[in-house]
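Enquirer: If you scroll down you'll find the structure; I have some questions about it.
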Amino acid sequence: MWLLNHAGLLNLSCSLLVLISGAIVYRFTKPRVFEEHPYVKRAFVFWLLLWFVLILTWAVYSGKPSRLVLAFVDLYTVSAFGFYWAYSEADDFQWFRTAQNLVFLYAVLLLWNMLVGGRALQDDPQSYWRWVWILPSEAVSALALILLALAFLFRYGPVAIPLSCVVMPLYALFQRPTYTILFLERSDPGWMLALASGKLVFGLVFYSLFFSPARNYVAIQIPHISPYDASAVRKWSRLAAGAFASAVLALLATKLTDWIAHLLKR
């Protein structure tokens, strides 16, 4: 089947479609909410950035696992965190503080990628080191989607349930076997096709909701993770707990997708 054989290209095309649609909205339509609430415009820039990075990720992927590809995947995740902070902090948003947080987060992920990736790529795709290598990336990616889902529920209330409780969890689920395909071993390409479809649905539902009137536009009280804060230990502990929970969810989601794939092959 052509779609299955070109699932990677289809993912690239779907990401490009979501990005172009957003760029047209940003450049030509000039939504009123951008003027009334400037933080929405800042958050939307991060939204465009994460899709741009996602396109670069598929562009540099050569069919083999590499630290470069994981570095781009982590940059995509960090962009998602940028969207979360910009959208959640609203008028309390500070570029310098957010840049500190994002750089620090990416530096940790990149350092892990560089240190563990070299060892992991020398081993068998199903080795323990391969899983250890990508687990932090999977966990932080899952955590970013969880936080985004909660932010939309806070902003829009029950109207956000389709996005926060259906689309985002499914999108996160489809991402798990994609990590396996990119960094561990070849798997059922149907998951890549599902991820491409998920991108289109994610983009469509996001655009429909994002420019709708929100229930409130106030800042969401969230912890800042700057390492220079006096309460850094407590804040990092909460973040670590969230990352650990996300890692557990990522592993469970991976096992679930493997089980589903096994059932479909029967």
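Identifiers in this document derive from the order of the structure tokens: chains are assigned A, B, ..., residues are numbered from 1 separately in each chain, and ligands are numbered from 1 in order of occurrence.
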When DSSP works through the backbone of this structure, what residues of region 175-222 of chain A end up as helix (DSSP H, G or I), shown as a count of residues only?
Expert: 30
Enquirer: So that each row is one residue of region 64-100 of chain A with an atom at most 9 Å from region 176-187 of chain A, can you give its shortest atom pair and the distance in Å to one decimal, using only C-alpha atoms, rows by chain and rising number, as a tab-separated table?
Expert:
```
residue	atom	partner	partner_atom	distance
A:Lys64	CA	A:Leu182	CA	7.1
A:Pro65	CA	A:Phe183	CA	4.6
A:Ser66	CA	A:Phe183	CA	7.4
A:Val69	CA	A:Leu182	CA	8.4
A:Leu70	CA	A:Phe183	CA	8.3
```
Enquirer: Here is a test: counting only C-alpha atoms, which residue of A:Leu49, A:Ala90, A:Leu148, A:Ala194 is nearest to Phe206 (chain A)?
Expert: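 For Phe206 (chain A), the nearest of the given residues is A:Leu148.
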Enquirer: Nearest to Leu150 (chain A): which of A:Ser212, A:Gln122, A:Asn101, A:Ser88 is it, counting only C-alpha atoms?
Expert: A:Ser88
Enquirer: Considering only C-alpha atoms, state which residue in the set A:Ala160, A:Leu109, A:Leu17, A:Ile146 is at the smallest distance from Leu200 (chain A).
Expert: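 Closest candidate: A:Leu17.
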Enquirer: For CA of Trp85 (chain A) and CA of Met168 (chain A), determine how far apart the two atoms are, in Å to one decimal place.
Expert: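 Separation between CA of Trp85 (chain A) and CA of Met168 (chain A): 17.6 Å.
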